[in-house]
Amino acid sequence: MKIKAAIEKFPGGMMVIPLLWGSLLNTYFPHVLTIGSFSTSLAHGALPILAVFFVCMGAEIQLKTAPRALKNGAAITISKLASGVAVGLLVSYVFKGKPVFGLSGMVIIAAMTNANMGLYAALTKQFGDEVDRGALAVLSILEGPFITMVALGVSGLAKIPFIELLATILPILIGVVLGNLDRNMRTFLKSGGDLLIPFFAFGLGAQINLHAILAAGASGIVLGLITLIFGGIVNVIASRLAGGSGVAGVAVSTTAGNAVATPTALAAVDPHLASLIAVATPQIAASTIVTSLLTPLLTALYAKKFKGRQKAQDDKQAVLPLAEPADAV
C-alpha cells in the first residue's frame with residue numbers, strides 16, 4: 001500500500017493532509033484529542049516539534065547565503081505590512097469606515113499583516129531554497145498581534161516583545177551554528193527536517209475548528225482570499241526584486257492562528273473597538289483556515305512553474321555558447 005506516494009500526489013500533501021486530518025478531528029471528534037497521555041500531547045504539541053524543526057532547518061543555512069536570506073526576508077516583511085495596511089486604510093478612509101464585503105479596515109490589517117511561520121517553514125523546506133528558509137529569521141516578527149498593533153498606529157500603547165522574537169529565532173540560530181561548524185552535523189540535522197513536517201502539521205490542524213468558516217460566512221472566505229491572492233502577488237514581487245525565487249512570497253501569504261487574538265488585544269488598548277470583536281474574530285479564524293488549506297497548493301504550483309522556467313532559461317544559456325561559432329562563420 002503506497003500511502004506516502006498517495007499523499008505526495010497532493011500539492012504540499014505532507015503538510016496539508018495531516019493538517020486537514022487534525023482539523024477534522026478537532027471539529028467533529030474533539031474528544032479523541034483529549035484522551036490524555038502521548039496522544040493528547042501530540043495533538044497539542046506543535047510548538048515543541050516546531051522548535052526541533054527550526055534547529056534542523058537552521059542547520060541547512062550556510063553563512064554565505066545569509067545576506068541574501070536577510071535581504072529577502074526584509075523585503076517580504078515590508079511588502080506584507082505595506083499591502084495589509086494599504087488595503088485596511090483604503091477601507092477605513094475611502095469608504096469612511098464602512099465595511100466592504102462585511103470587512104472592516106481593522107480586521108483586514110489584522111489578517112494580512114500576520115503570518116503562519118510553522119506553515120512557512122514547512123513549505124520552504126519542501127519547495128524553497130536556503131535563501132527562502134533563512135528569511136524566516138526576519139519574517140518571524142510577523143507572527144503575533146503586536147506587530148499588527150504597531151501597523152495600526154498604536155505602537156505607543158504596546159511594546160513589541162523582542163524577547164519573544166529572540167526566542168523564536170534562537171532555535172534557527174543554534175542550527176546555523178551547528179551546521180556551519182560541522183558538515184556532518186548539518187547532514188544529520190537536515191535529514192530530520194522532512195520527518196517532522198506531518199507531525200507538527202497535525203498539531204497545527206488540531207487547533208483549527210472548521211465551523212469558524214460557517215460562523216464568518218462569505219466575508220471570512222473573502223478575507224482569506226485577499227490575504228493569499230493580493231498579498232501573495234505583492235510578496236512575490238518583493239521577493240523577486242530582492243533576488244529571491246518568490247517561493248517565500250507565496251508561502252508567507254497566510255494568516256496565523258494567533259491572529260484570532262488580535263481583536264481582543266486591540267480592544268484592551270482601545271475600548272471603542274470592543275464592539276468589533278464578535279464579528280472580527282470568526283472572520284480572522286476563517287482566513288486562517290482558508291490560507292492554511294490553499295497556500296500549500298499555490299506554493300507548490302508556483303514552485304513548479306518557477307523551476308520549469310528556470311530550467312528553460314538554463315537550457316537556453318547552455319545552447320547559446322554552442323551557437324556562437326556557427327553564427328560567426
# chains A, B, ... in the order shown; residues from 1 in each chain; ligands from 1

$ closest_atom_pairs --of "range 213-285 of chain A" --to "range 131-138 of chain A" --cutoff "12 Å" --atoms "only C-alpha atoms" --output "JSON lines"
{"residue": "A:Val236", "atom": "CA", "partner": "A:Asp132", "partner_atom": "CA", "distance": 11.6}
{"residue": "A:Ser239", "atom": "CA", "partner": "A:Asp132", "partner_atom": "CA", "distance": 9.2}
{"residue": "A:Arg240", "atom": "CA", "partner": "A:Asp132", "partner_atom": "CA", "distance": 11.2}
{"residue": "A:Ala242", "atom": "CA", "partner": "A:Val131", "partner_atom": "CA", "distance": 10.7}
{"residue": "A:Gly243", "atom": "CA", "partner": "A:Val131", "partner_atom": "CA", "distance": 9.3}
{"residue": "A:Gly244", "atom": "CA", "partner": "A:Val131", "partner_atom": "CA", "distance": 7.0}
{"residue": "A:Ser245", "atom": "CA", "partner": "A:Asp132", "partner_atom": "CA", "distance": 7.8}
{"residue": "A:Gly246", "atom": "CA", "partner": "A:Asp132", "partner_atom": "CA", "distance": 8.3}
{"residue": "A:Val247", "atom": "CA", "partner": "A:Asp132", "partner_atom": "CA", "distance": 7.0}
{"residue": "A:Ala248", "atom": "CA", "partner": "A:Asp132", "partner_atom": "CA", "distance": 5.3}
{"residue": "A:Gly249", "atom": "CA", "partner": "A:Asp132", "partner_atom": "CA", "distance": 8.8}
{"residue": "A:Val250", "atom": "CA", "partner": "A:Asp132", "partner_atom": "CA", "distance": 10.7}
{"residue": "A:Ala251", "atom": "CA", "partner": "A:Asp132", "partner_atom": "CA", "distance": 9.4}
{"residue": "A:Val252", "atom": "CA", "partner": "A:Leu136", "partner_atom": "CA", "distance": 9.5}

$ select_by_dssp --residues "range 2-129 of chain A" --states "alpha helix (DSSP H)" --output "PyMOL selection string"
chain A and resi 3-8+13-28+37-43+46-59+66-89+105-112+117-127

$ write_last_selection --atoms "C-alpha atoms" --output "PDB file, in the first residue's frame"
ATOM      1  CA  ILE A   3       0.441   5.678   1.437  1.00  0.00           C
ATOM      2  CA  LYS A   4       3.370   8.091   1.108  1.00  0.00           C
ATOM      3  CA  ALA A   5       3.104   8.224  -2.685  1.00  0.00           C
ATOM      4  CA  ALA A   6      -0.637   8.893  -2.465  1.00  0.00           C
ATOM      5  CA  ILE A   7      -0.131  11.764  -0.003  1.00  0.00           C
ATOM      6  CA  GLU A   8       2.624  13.331  -2.109  1.00  0.00           C
ATOM      7  CA  GLY A  13       0.471  16.830   0.853  1.00  0.00           C
ATOM      8  CA  MET A  14       2.833  16.051   3.717  1.00  0.00           C
ATOM      9  CA  MET A  15       1.742  19.349   5.273  1.00  0.00           C
ATOM     10  CA  VAL A  16      -1.881  19.677   4.142  1.00  0.00           C
ATOM     11  CA  ILE A  17      -3.197  16.122   4.702  1.00  0.00           C
ATOM     12  CA  PRO A  18      -2.115  15.851   8.380  1.00  0.00           C
ATOM     13  CA  LEU A  19      -3.264  19.453   8.964  1.00  0.00           C
ATOM     14  CA  LEU A  20      -6.679  18.685   7.457  1.00  0.00           C
ATOM     15  CA  TRP A  21      -6.900  15.438   9.409  1.00  0.00           C
ATOM     16  CA  GLY A  22      -6.172  17.297  12.659  1.00  0.00           C
ATOM     17  CA  SER A  23      -8.758  19.987  11.911  1.00  0.00           C
ATOM     18  CA  LEU A  24     -11.429  17.381  11.060  1.00  0.00           C
ATOM     19  CA  LEU A  25     -10.813  15.557  14.329  1.00  0.00           C
ATOM     20  CA  ASN A  26     -10.907  18.800  16.323  1.00  0.00           C
ATOM     21  CA  THR A  27     -14.132  19.871  14.615  1.00  0.00           C
ATOM     22  CA  TYR A  28     -16.159  16.656  14.680  1.00  0.00           C
ATOM     23  CA  SER A  37      -1.027  10.915  27.673  1.00  0.00           C
ATOM     24  CA  PHE A  38       1.009  10.860  24.461  1.00  0.00           C
ATOM     25  CA  SER A  39      -1.999  11.101  22.144  1.00  0.00           C
ATOM     26  CA  THR A  40      -3.134  14.440  23.569  1.00  0.00           C
ATOM     27  CA  SER A  41       0.460  15.673  23.753  1.00  0.00           C
ATOM     28  CA  LEU A  42       0.916  15.007  20.038  1.00  0.00           C
ATOM     29  CA  ALA A  43      -2.286  16.888  19.188  1.00  0.00           C
ATOM     30  CA  ALA A  46       3.047  21.543  17.615  1.00  0.00           C
ATOM     31  CA  LEU A  47       5.330  24.162  19.198  1.00  0.00           C
ATOM     32  CA  PRO A  48       7.967  21.790  20.679  1.00  0.00           C
ATOM     33  CA  ILE A  49       8.101  19.854  17.401  1.00  0.00           C
ATOM     34  CA  LEU A  50       8.420  23.145  15.504  1.00  0.00           C
ATOM     35  CA  ALA A  51      11.324  24.142  17.754  1.00  0.00           C
ATOM     36  CA  VAL A  52      13.210  20.980  16.758  1.00  0.00           C
ATOM     37  CA  PHE A  53      12.242  21.550  13.120  1.00  0.00           C
ATOM     38  CA  PHE A  54      13.690  25.081  13.272  1.00  0.00           C
ATOM     39  CA  VAL A  55      17.019  23.687  14.526  1.00  0.00           C
ATOM     40  CA  CYS A  56      17.092  21.208  11.628  1.00  0.00           C
ATOM     41  CA  MET A  57      16.165  23.935   9.162  1.00  0.00           C
ATOM     42  CA  GLY A  58      18.776  26.320  10.558  1.00  0.00           C
ATOM     43  CA  ALA A  59      21.481  23.700  10.052  1.00  0.00           C
ATOM     44  CA  ALA A  66      22.800  34.609   4.985  1.00  0.00           C
ATOM     45  CA  PRO A  67      22.946  38.163   3.494  1.00  0.00           C
ATOM     46  CA  ARG A  68      20.640  37.157   0.631  1.00  0.00           C
ATOM     47  CA  ALA A  69      18.260  35.453   3.059  1.00  0.00           C
ATOM     48  CA  LEU A  70      18.065  38.516   5.309  1.00  0.00           C
ATOM     49  CA  LYS A  71      17.509  40.785   2.304  1.00  0.00           C
ATOM     50  CA  ASN A  72      14.737  38.520   1.035  1.00  0.00           C
ATOM     51  CA  GLY A  73      13.108  38.365   4.473  1.00  0.00           C
ATOM     52  CA  ALA A  74      13.250  42.127   4.993  1.00  0.00           C
ATOM     53  CA  ALA A  75      11.732  42.830   1.572  1.00  0.00           C
ATOM     54  CA  ILE A  76       8.827  40.429   2.136  1.00  0.00           C
ATOM     55  CA  THR A  77       8.218  41.710   5.676  1.00  0.00           C
ATOM     56  CA  ILE A  78       7.919  45.276   4.393  1.00  0.00           C
ATOM     57  CA  SER A  79       5.676  44.231   1.491  1.00  0.00           C
ATOM     58  CA  LYS A  80       3.356  42.187   3.722  1.00  0.00           C
ATOM     59  CA  LEU A  81       2.983  45.026   6.214  1.00  0.00           C
ATOM     60  CA  ALA A  82       2.598  47.668   3.492  1.00  0.00           C
ATOM     61  CA  SER A  83      -0.014  45.738   1.495  1.00  0.00           C
ATOM     62  CA  GLY A  84      -2.072  44.939   4.589  1.00  0.00           C
ATOM     63  CA  VAL A  85      -2.004  48.499   5.890  1.00  0.00           C
ATOM     64  CA  ALA A  86      -2.759  49.906   2.416  1.00  0.00           C
ATOM     65  CA  VAL A  87      -5.879  47.760   1.938  1.00  0.00           C
ATOM     66  CA  GLY A  88      -7.005  48.422   5.504  1.00  0.00           C
ATOM     67  CA  LEU A  89      -6.594  52.181   5.166  1.00  0.00           C
ATOM     68  CA  GLY A 105     -10.154  48.048   7.994  1.00  0.00           C
ATOM     69  CA  MET A 106      -9.057  46.693  11.362  1.00  0.00           C
ATOM     70  CA  VAL A 107      -9.831  43.063  10.535  1.00  0.00           C
ATOM     71  CA  ILE A 108      -8.108  43.334   7.132  1.00  0.00           C
ATOM     72  CA  ILE A 109      -4.909  44.684   8.684  1.00  0.00           C
ATOM     73  CA  ALA A 110      -5.040  42.070  11.453  1.00  0.00           C
ATOM     74  CA  ALA A 111      -5.272  39.213   8.933  1.00  0.00           C
ATOM     75  CA  MET A 112      -2.912  40.486   6.228  1.00  0.00           C
ATOM     76  CA  MET A 117       5.519  30.721  10.432  1.00  0.00           C
ATOM     77  CA  GLY A 118       5.047  26.996  11.012  1.00  0.00           C
ATOM     78  CA  LEU A 119       3.387  26.626   7.631  1.00  0.00           C
ATOM     79  CA  TYR A 120       6.005  28.899   6.045  1.00  0.00           C
ATOM     80  CA  ALA A 121       8.823  26.764   7.445  1.00  0.00           C
ATOM     81  CA  ALA A 122       7.274  23.554   6.125  1.00  0.00           C
ATOM     82  CA  LEU A 123       6.580  24.963   2.660  1.00  0.00           C
ATOM     83  CA  THR A 124      10.029  26.497   2.179  1.00  0.00           C
ATOM     84  CA  LYS A 125      11.547  23.235   3.393  1.00  0.00           C
ATOM     85  CA  GLN A 126       9.702  21.381   0.614  1.00  0.00           C
ATOM     86  CA  PHE A 127       9.695  23.923  -2.189  1.00  0.00           C
TER      87      PHE A 127
END

$ atom_distance --atom1 "CA of Gln207 in chain A" --atom2 "CA of Ser253 in chain A"
19.5 Å

$ residues_around --residues "Leu298 in chain A" --least-positions-apart "3" --cutoff "9 Å" --atoms "only C-alpha atoms" --output "JSON, numbers by chain"
{"A": [11, 250, 251, 294, 295, 301, 302, 303]}

$ atom_distance --atom1 "CA of Val234 in chain A" --atom2 "CA of Thr291 in chain A"
15.8 Å

$ closest_atom_pairs --of "range 238-304 of chain A" --to "range 219-228 of chain A" --cutoff "7 Å" --atoms "only C-alpha atoms" --output "tab-separated table"
residue	atom	partner	partner_atom	distance
A:Ser253	CA	A:Leu228	CA	5.0
A:Thr254	CA	A:Leu228	CA	6.2
A:Gln283	CA	A:Gly220	CA	4.2
A:Ile284	CA	A:Gly220	CA	6.5
A:Ala286	CA	A:Gly220	CA	4.9
A:Ser287	CA	A:Gly224	CA	3.9
A:Thr288	CA	A:Gly224	CA	6.9
A:Val290	CA	A:Gly224	CA	5.5
A:Thr291	CA	A:Gly224	CA	5.7
A:Thr295	CA	A:Leu228	CA	6.9
